[in-house]
Amino acid sequence: MGRGTLPTHKKAVSAFENEDFFARRCVWVNGPVIVGAGPSGLAVAAGLKEHGVPFIILERANCIASLWQTRTYDRLKLHLPKHFCQLPRLPFPDDFPEYPSKDQFISYLESYAKRFDIQPQFNESVQSAKYDETGGLWRIKTASASEESDKREIEYICQWIVVATGENAEKVVPKFFGFHEFGGDIIHACEYKSGEKYRGKRVLVVGCGNSGMEVSLDLCSNDATPFLVVRSSVHVLPKEVLGKSTFELAVSMMKWMPLWLIDRILVGIANLLLGNTEKYGLKRPSLGPLQLKNSEGKTPVLDLGTVGKIKSGKIKVVPGIKRFSCGRVELVNGQILEIDSVVLATGYRSNVPSWLRESDFFSENGFPKAPFPNGWKGNAGLYAAGFTRRGLSGASEDAMKVAEDIGKIWKEETAQKKYPTAPVACHRRCISQQF
């Protein structure tokens, strides 16, 4: 990684002529900056390597795939067969099971980074990214995210930026009346590891998505008494049908059947294998599971055994929350429960609006405005990967498109020798990185 002065770039010069530029260390990136070293960012990086495009990848945590490494529970496994979850250009090892564990998936991602020699710059949190129309370049300001190191600020200047921070960058923590009066243990599902510490306790699990269902099952397996809060309708499907993944079955049917018909088949199979879940408090939405996923991004729950525990009464389904008080929760139906702890399985959100100064491509909720499969490329060198609401397979599809597009532009501009090789003098605080 060579260091020197900024290369000559007539557009860049005017962009740098302001006080803010000289107030911090600046780094010219001769290629794209990828923000986020999760599966999406790694997949983009691997694609760029294959196309011979230099890049840097910024990660606020101290490891790759920090969501998987630090914010998931111990029993987690991939909910879909491994071939739907592998990243481009590297399949899972043959000896991995059909549904790899959390640790196996992390091992796979680490092998992926090693295979393509991807070396993220850890503990760098992006504070803002803005396109400088005068200079025709992106300005990305970061701050050190490490508590152990001195606070440092860096501004990266580049032609392309790839947003790969993902759909689950920040936890969602709802506010409830009287929450501060409760007095017991309250955590988000991202902090939950195992039900061992809750043995013998009464635990309120707020949220009935895949995380809430599985946390409830884990609590039950550890002799805790979970109360599962279900405020709205939810599609629960069996994980497998006759030994075959329900998801794989749906994908197969998509080749020759409309979504509404597939939905009817899936709901029929679910009713046959799981029974009428509505009488246990799990009401189905009027829109089918695949149509709902397409229109609202709501993922159906794949049952791992939770429904059986609900039927047996070991997991109790309760309605929405009215308010908390000391050691108690009052539900909307007037019922009062004495509980010891609360686990908020209330999901995550994109954090893109908090740092990306742009409103044409990304919406206020932090997702691209254009629906899949067109939400991977914006204007002025802006790209996105991992916002498809279609899991790892959707992220991989985006990543390949992004890498191919940048690779094509890179080769064209390199052939035209757009950037001269002879550097010019620059302010002493500026440091160029040639990749």
# chains A, B, ... in the order shown; residues from 1 in each chain; ligands from 1

call {"tool": "residues_around", "arguments": {"residues": "segment 332-338 of chain A", "least_positions_apart": "3", "cutoff": "7 Å", "atoms": "only C-alpha atoms", "output": "PyMOL selection string"}}
result
chain A and resi 319-322+327-329

call {"tool": "residues_around", "arguments": {"residues": "segment 373-381 of chain A", "least_positions_apart": "5", "cutoff": "12 Å", "atoms": "only C-alpha atoms", "output": "MDAnalysis selection string"}}
result
chainID A and resid 31:34 40 44 130:133 135:139 158:164 294 358:363 366:368 386:390 393:406 409:410

call {"tool": "residues_around", "arguments": {"residues": "Lys141 of chain A", "least_positions_apart": "2", "cutoff": "12 Å", "atoms": "only C-alpha atoms", "output": "ChimeraX atom specification"}}
result
/A:20-21,23-27,33,35,58,124-131,138-139,143-144,152-158,355-357

call {"tool": "select_by_dssp", "arguments": {"residues": "segment 80-235 of chain A", "states": "strand (DSSP E)", "output": "PyMOL selection string"}}
result
chain A and resi 124-132+137-144+153-158+161-163+170-171+185-188+202-206+225-229

call {"tool": "atom_distance", "arguments": {"atom1": "atom CA of Gly281 of chain A", "atom2": "atom CA of Arg349 of chain A"}}
result
26.4 Å

call {"tool": "atom_distance", "arguments": {"atom1": "atom CA of Lys171 of chain A", "atom2": "atom CA of Ser216 of chain A"}}
result
18.7 Å

call {"tool": "residues_around", "arguments": {"residues": "Asn276 of chain A", "least_positions_apart": "5", "cutoff": "12 Å", "atoms": "only C-alpha atoms", "output": "number ranges by chain"}}
result
A: 235-237, 267-271, 281-284, 307-308, 311

call {"tool": "write_last_selection", "arguments": {"atoms": "C-alpha atoms", "output": "compact mmCIF listing (two decimals), in the first residue's frame"}}
result
# COMPACT_ATOMS: atom_id res chain seq x y z
CA HIS A 235 -47.04 -16.34 8.82
CA VAL A 236 -45.50 -19.43 10.39
CA LEU A 237 -44.35 -22.12 7.95
CA VAL A 267 -50.43 -21.98 3.66
CA GLY A 268 -52.21 -25.25 2.93
CA ILE A 269 -49.08 -27.23 3.78
CA ALA A 270 -48.58 -25.15 6.95
CA ASN A 271 -52.15 -25.81 8.09
CA GLY A 281 -52.79 -16.68 19.14
CA LEU A 282 -50.85 -16.81 15.86
CA LYS A 283 -53.23 -15.25 13.35
CA ARG A 284 -52.23 -15.39 9.69
CA VAL A 307 -45.34 -24.08 17.58
CA GLY A 308 -45.26 -27.45 19.33
CA LYS A 311 -49.54 -25.97 21.69

call {"tool": "residues_around", "arguments": {"residues": "Arg323 of chain A", "least_positions_apart": "2", "cutoff": "8 Å", "atoms": "only C-alpha atoms", "output": "list in words"}}
result
Phe176, Phe177, Gly178, Phe179, Ile321, Ser325, Val329, Glu330 and Leu331 of chain A

call {"tool": "atom_distance", "arguments": {"atom1": "atom CA of Phe122 of chain A", "atom2": "atom CA of Cys63 of chain A"}}
result
6.6 Å

call {"tool": "select_by_dssp", "arguments": {"residues": "segment 42-133 of chain A", "states": "alpha helix (DSSP H)", "output": "JSON, numbers by chain"}}
result
{"A": [42, 43, 44, 45, 46, 47, 48, 49, 50, 66, 67, 68, 69, 70, 102, 103, 104, 105, 106, 107, 108, 109, 110, 111, 112, 113, 114, 115]}

call {"tool": "write_last_selection", "arguments": {"atoms": "C-alpha atoms", "output": "PDB file, in the first residue's frame"}}
result
ATOM      1  CA  LEU A  42     -17.010  -9.059   1.480  1.00  0.00           C
ATOM      2  CA  ALA A  43     -18.832 -10.257  -1.644  1.00  0.00           C
ATOM      3  CA  VAL A  44     -18.347  -6.887  -3.366  1.00  0.00           C
ATOM      4  CA  ALA A  45     -14.678  -6.868  -2.378  1.00  0.00           C
ATOM      5  CA  ALA A  46     -14.128 -10.362  -3.772  1.00  0.00           C
ATOM      6  CA  GLY A  47     -15.757  -9.326  -7.049  1.00  0.00           C
ATOM      7  CA  LEU A  48     -13.579  -6.235  -7.320  1.00  0.00           C
ATOM      8  CA  LYS A  49     -10.496  -8.383  -6.716  1.00  0.00           C
ATOM      9  CA  GLU A  50     -11.515 -10.611  -9.602  1.00  0.00           C
ATOM     10  CA  SER A  66     -19.888  -8.238  13.431  1.00  0.00           C
ATOM     11  CA  LEU A  67     -23.633  -8.920  13.478  1.00  0.00           C
ATOM     12  CA  TRP A  68     -22.938 -12.652  13.312  1.00  0.00           C
ATOM     13  CA  GLN A  69     -19.939 -12.580  15.615  1.00  0.00           C
ATOM     14  CA  THR A  70     -21.190 -10.346  18.412  1.00  0.00           C
ATOM     15  CA  LYS A 102     -23.405 -19.696  13.561  1.00  0.00           C
ATOM     16  CA  ASP A 103     -19.775 -20.670  14.229  1.00  0.00           C
ATOM     17  CA  GLN A 104     -19.524 -22.567  10.949  1.00  0.00           C
ATOM     18  CA  PHE A 105     -20.885 -19.606   9.007  1.00  0.00           C
ATOM     19  CA  ILE A 106     -18.411 -17.241  10.680  1.00  0.00           C
ATOM     20  CA  SER A 107     -15.614 -19.688   9.836  1.00  0.00           C
ATOM     21  CA  TYR A 108     -16.787 -19.690   6.220  1.00  0.00           C
ATOM     22  CA  LEU A 109     -16.759 -15.879   6.065  1.00  0.00           C
ATOM     23  CA  GLU A 110     -13.270 -15.725   7.562  1.00  0.00           C
ATOM     24  CA  SER A 111     -12.085 -18.262   4.977  1.00  0.00           C
ATOM     25  CA  TYR A 112     -13.748 -16.150   2.295  1.00  0.00           C
ATOM     26  CA  ALA A 113     -11.875 -13.027   3.379  1.00  0.00           C
ATOM     27  CA  LYS A 114      -8.619 -14.962   3.465  1.00  0.00           C
ATOM     28  CA  ARG A 115      -9.239 -16.606   0.085  1.00  0.00           C
TER      29      ARG A 115
END

call {"tool": "closest_residue", "arguments": {"among": "A:Leu80, A:Met253, A:Ile57, A:Val229", "to": "Gly41 of chain A", "atoms": "only C-alpha atoms"}}
result
A:Ile57

call {"tool": "residues_around", "arguments": {"residues": "Leu219 of chain A", "least_positions_apart": "2", "cutoff": "12 Å", "atoms": "only C-alpha atoms", "output": "ChimeraX atom specification"}}
result
/A:73,75,192-205,212-217,221-228,306,309,314-316,341-343

call {"tool": "write_last_selection", "arguments": {"atoms": "N, CA and C atoms", "output": "mmCIF file, in the first residue's frame"}}
result
data_model
loop_
_atom_site.group_PDB
_atom_site.id
_atom_site.type_symbol
_atom_site.label_atom_id
_atom_site.label_comp_id
_atom_site.auth_asym_id
_atom_site.auth_seq_id
_atom_site.Cartn_x
_atom_site.Cartn_y
_atom_site.Cartn_z
ATOM 1 N N TYR A 73 -27.427 -15.134 19.003
ATOM 2 C CA TYR A 73 -27.491 -16.106 20.097
ATOM 3 C C TYR A 73 -26.763 -17.396 19.711
ATOM 4 N N ARG A 75 -27.386 -20.657 19.769
ATOM 5 C CA ARG A 75 -27.983 -21.791 19.065
ATOM 6 C C ARG A 75 -28.318 -21.489 17.599
ATOM 7 N N TYR A 192 -28.785 -11.262 23.653
ATOM 8 C CA TYR A 192 -29.146 -12.576 24.183
ATOM 9 C C TYR A 192 -28.208 -13.642 23.628
ATOM 10 N N LYS A 193 -27.677 -14.481 24.500
ATOM 11 C CA LYS A 193 -26.791 -15.557 24.065
ATOM 12 C C LYS A 193 -27.388 -16.942 24.314
ATOM 13 N N SER A 194 -27.906 -17.149 25.510
ATOM 14 C CA SER A 194 -28.443 -18.465 25.867
ATOM 15 C C SER A 194 -29.479 -18.315 26.969
ATOM 16 N N GLY A 195 -30.379 -19.284 27.072
ATOM 17 C CA GLY A 195 -31.398 -19.262 28.112
ATOM 18 C C GLY A 195 -30.908 -19.765 29.446
ATOM 19 N N GLU A 196 -29.643 -20.156 29.531
ATOM 20 C CA GLU A 196 -29.092 -20.729 30.760
ATOM 21 C C GLU A 196 -29.267 -19.797 31.954
ATOM 22 N N LYS A 197 -29.008 -18.518 31.775
ATOM 23 C CA LYS A 197 -29.089 -17.562 32.885
ATOM 24 C C LYS A 197 -30.523 -17.255 33.298
ATOM 25 N N TYR A 198 -31.495 -17.706 32.488
ATOM 26 C CA TYR A 198 -32.907 -17.437 32.784
ATOM 27 C C TYR A 198 -33.629 -18.657 33.362
ATOM 28 N N ARG A 199 -32.888 -19.683 33.692
ATOM 29 C CA ARG A 199 -33.486 -20.909 34.219
ATOM 30 C C ARG A 199 -34.382 -20.606 35.424
ATOM 31 N N GLY A 200 -35.625 -21.077 35.340
ATOM 32 C CA GLY A 200 -36.571 -20.882 36.430
ATOM 33 C C GLY A 200 -37.234 -19.518 36.456
ATOM 34 N N LYS A 201 -36.924 -18.670 35.480
ATOM 35 C CA LYS A 201 -37.485 -17.317 35.465
ATOM 36 C C LYS A 201 -38.632 -17.179 34.465
ATOM 37 N N ARG A 202 -39.437 -16.170 34.705
ATOM 38 C CA ARG A 202 -40.539 -15.838 33.800
ATOM 39 C C ARG A 202 -40.070 -14.692 32.899
ATOM 40 N N VAL A 203 -40.011 -14.979 31.597
ATOM 41 C CA VAL A 203 -39.401 -14.034 30.661
ATOM 42 C C VAL A 203 -40.409 -13.593 29.612
ATOM 43 N N LEU A 204 -40.538 -12.293 29.429
ATOM 44 C CA LEU A 204 -41.409 -11.742 28.397
ATOM 45 C C LEU A 204 -40.575 -11.518 27.138
ATOM 46 N N VAL A 205 -40.951 -12.185 26.049
ATOM 47 C CA VAL A 205 -40.261 -12.012 24.772
ATOM 48 C C VAL A 205 -41.150 -11.163 23.877
ATOM 49 N N GLY A 212 -37.637 -13.864 17.805
ATOM 50 C CA GLY A 212 -38.507 -14.011 18.962
ATOM 51 C C GLY A 212 -38.965 -15.440 19.167
ATOM 52 N N MET A 213 -39.308 -16.110 18.074
ATOM 53 C CA MET A 213 -39.747 -17.504 18.156
ATOM 54 C C MET A 213 -38.614 -18.407 18.653
ATOM 55 N N GLU A 214 -37.401 -18.178 18.125
ATOM 56 C CA GLU A 214 -36.299 -19.063 18.499
ATOM 57 C C GLU A 214 -35.784 -18.771 19.906
ATOM 58 N N VAL A 215 -35.785 -17.509 20.309
ATOM 59 C CA VAL A 215 -35.404 -17.165 21.677
ATOM 60 C C VAL A 215 -36.385 -17.811 22.658
ATOM 61 N N SER A 216 -37.669 -17.768 22.341
ATOM 62 C CA SER A 216 -38.684 -18.402 23.198
ATOM 63 C C SER A 216 -38.437 -19.897 23.316
ATOM 64 N N LEU A 217 -38.092 -20.530 22.193
ATOM 65 C CA LEU A 217 -37.807 -21.963 22.194
ATOM 66 C C LEU A 217 -36.568 -22.270 23.028
ATOM 67 N N SER A 221 -36.254 -24.513 26.434
ATOM 68 C CA SER A 221 -35.310 -25.634 26.534
ATOM 69 C C SER A 221 -34.435 -25.528 27.773
ATOM 70 N N ASN A 222 -34.333 -24.311 28.320
ATOM 71 C CA ASN A 222 -33.527 -24.091 29.523
ATOM 72 C C ASN A 222 -34.396 -23.903 30.770
ATOM 73 N N ASP A 223 -35.594 -24.473 30.736
ATOM 74 C CA ASP A 223 -36.507 -24.490 31.894
ATOM 75 C C ASP A 223 -36.913 -23.102 32.378
ATOM 76 N N ALA A 224 -36.968 -22.153 31.458
ATOM 77 C CA ALA A 224 -37.554 -20.854 31.777
ATOM 78 C C ALA A 224 -39.009 -20.882 31.309
ATOM 79 N N THR A 225 -39.794 -19.889 31.719
ATOM 80 C CA THR A 225 -41.189 -19.788 31.283
ATOM 81 C C THR A 225 -41.334 -18.554 30.404
ATOM 82 N N PRO A 226 -41.347 -18.757 29.081
ATOM 83 C CA PRO A 226 -41.458 -17.604 28.185
ATOM 84 C C PRO A 226 -42.903 -17.209 27.889
ATOM 85 N N PHE A 227 -43.127 -15.896 27.842
ATOM 86 C CA PHE A 227 -44.395 -15.335 27.396
ATOM 87 C C PHE A 227 -44.084 -14.575 26.105
ATOM 88 N N LEU A 228 -44.673 -15.013 25.010
ATOM 89 C CA LEU A 228 -44.367 -14.454 23.698
ATOM 90 C C LEU A 228 -45.420 -13.415 23.305
ATOM 91 N N THR A 306 -41.100 -24.293 17.852
ATOM 92 C CA THR A 306 -41.778 -23.348 18.752
ATOM 93 C C THR A 306 -43.280 -23.588 18.790
ATOM 94 N N LYS A 309 -44.291 -26.220 21.210
ATOM 95 C CA LYS A 309 -44.210 -25.778 22.600
ATOM 96 C C LYS A 309 -45.371 -24.846 22.945
ATOM 97 N N LYS A 314 -46.168 -24.686 27.044
ATOM 98 C CA LYS A 314 -44.883 -24.344 27.656
ATOM 99 C C LYS A 314 -44.406 -22.956 27.236
ATOM 100 N N ILE A 315 -44.863 -22.524 26.070
ATOM 101 C CA ILE A 315 -44.670 -21.133 25.647
ATOM 102 C C ILE A 315 -46.042 -20.503 25.552
ATOM 103 N N LYS A 316 -46.250 -19.416 26.262
ATOM 104 C CA LYS A 316 -47.575 -18.797 26.309
ATOM 105 C C LYS A 316 -47.609 -17.554 25.415
ATOM 106 N N SER A 341 -37.804 -10.903 33.603
ATOM 107 C CA SER A 341 -36.920 -10.324 32.584
ATOM 108 C C SER A 341 -37.679 -10.073 31.293
ATOM 109 N N VAL A 342 -37.082 -9.220 30.445
ATOM 110 C CA VAL A 342 -37.674 -8.898 29.151
ATOM 111 C C VAL A 342 -36.596 -9.031 28.066
ATOM 112 N N VAL A 343 -36.951 -9.719 26.979
ATOM 113 C CA VAL A 343 -36.075 -9.799 25.807
ATOM 114 C C VAL A 343 -36.813 -9.136 24.648
#

call {"tool": "residues_around", "arguments": {"residues": "Pro97 of chain A", "least_positions_apart": "2", "cutoff": "12 Å", "atoms": "only C-alpha atoms", "output": "list of chain:residue names"}}
result
A:Lys77, A:Leu78, A:His79, A:Leu80, A:Pro81, A:Lys82, A:His83, A:Phe92, A:Pro93, A:Asp94, A:Asp95, A:Tyr99, A:Pro100, A:Ser101, A:Lys102, A:Gln104, A:Phe105

call {"tool": "closest_residue", "arguments": {"among": "A:Leu290, A:Leu273, A:Leu392, A:Ala65", "to": "Thr165 of chain A", "atoms": "only C-alpha atoms"}}
result
A:Ala65
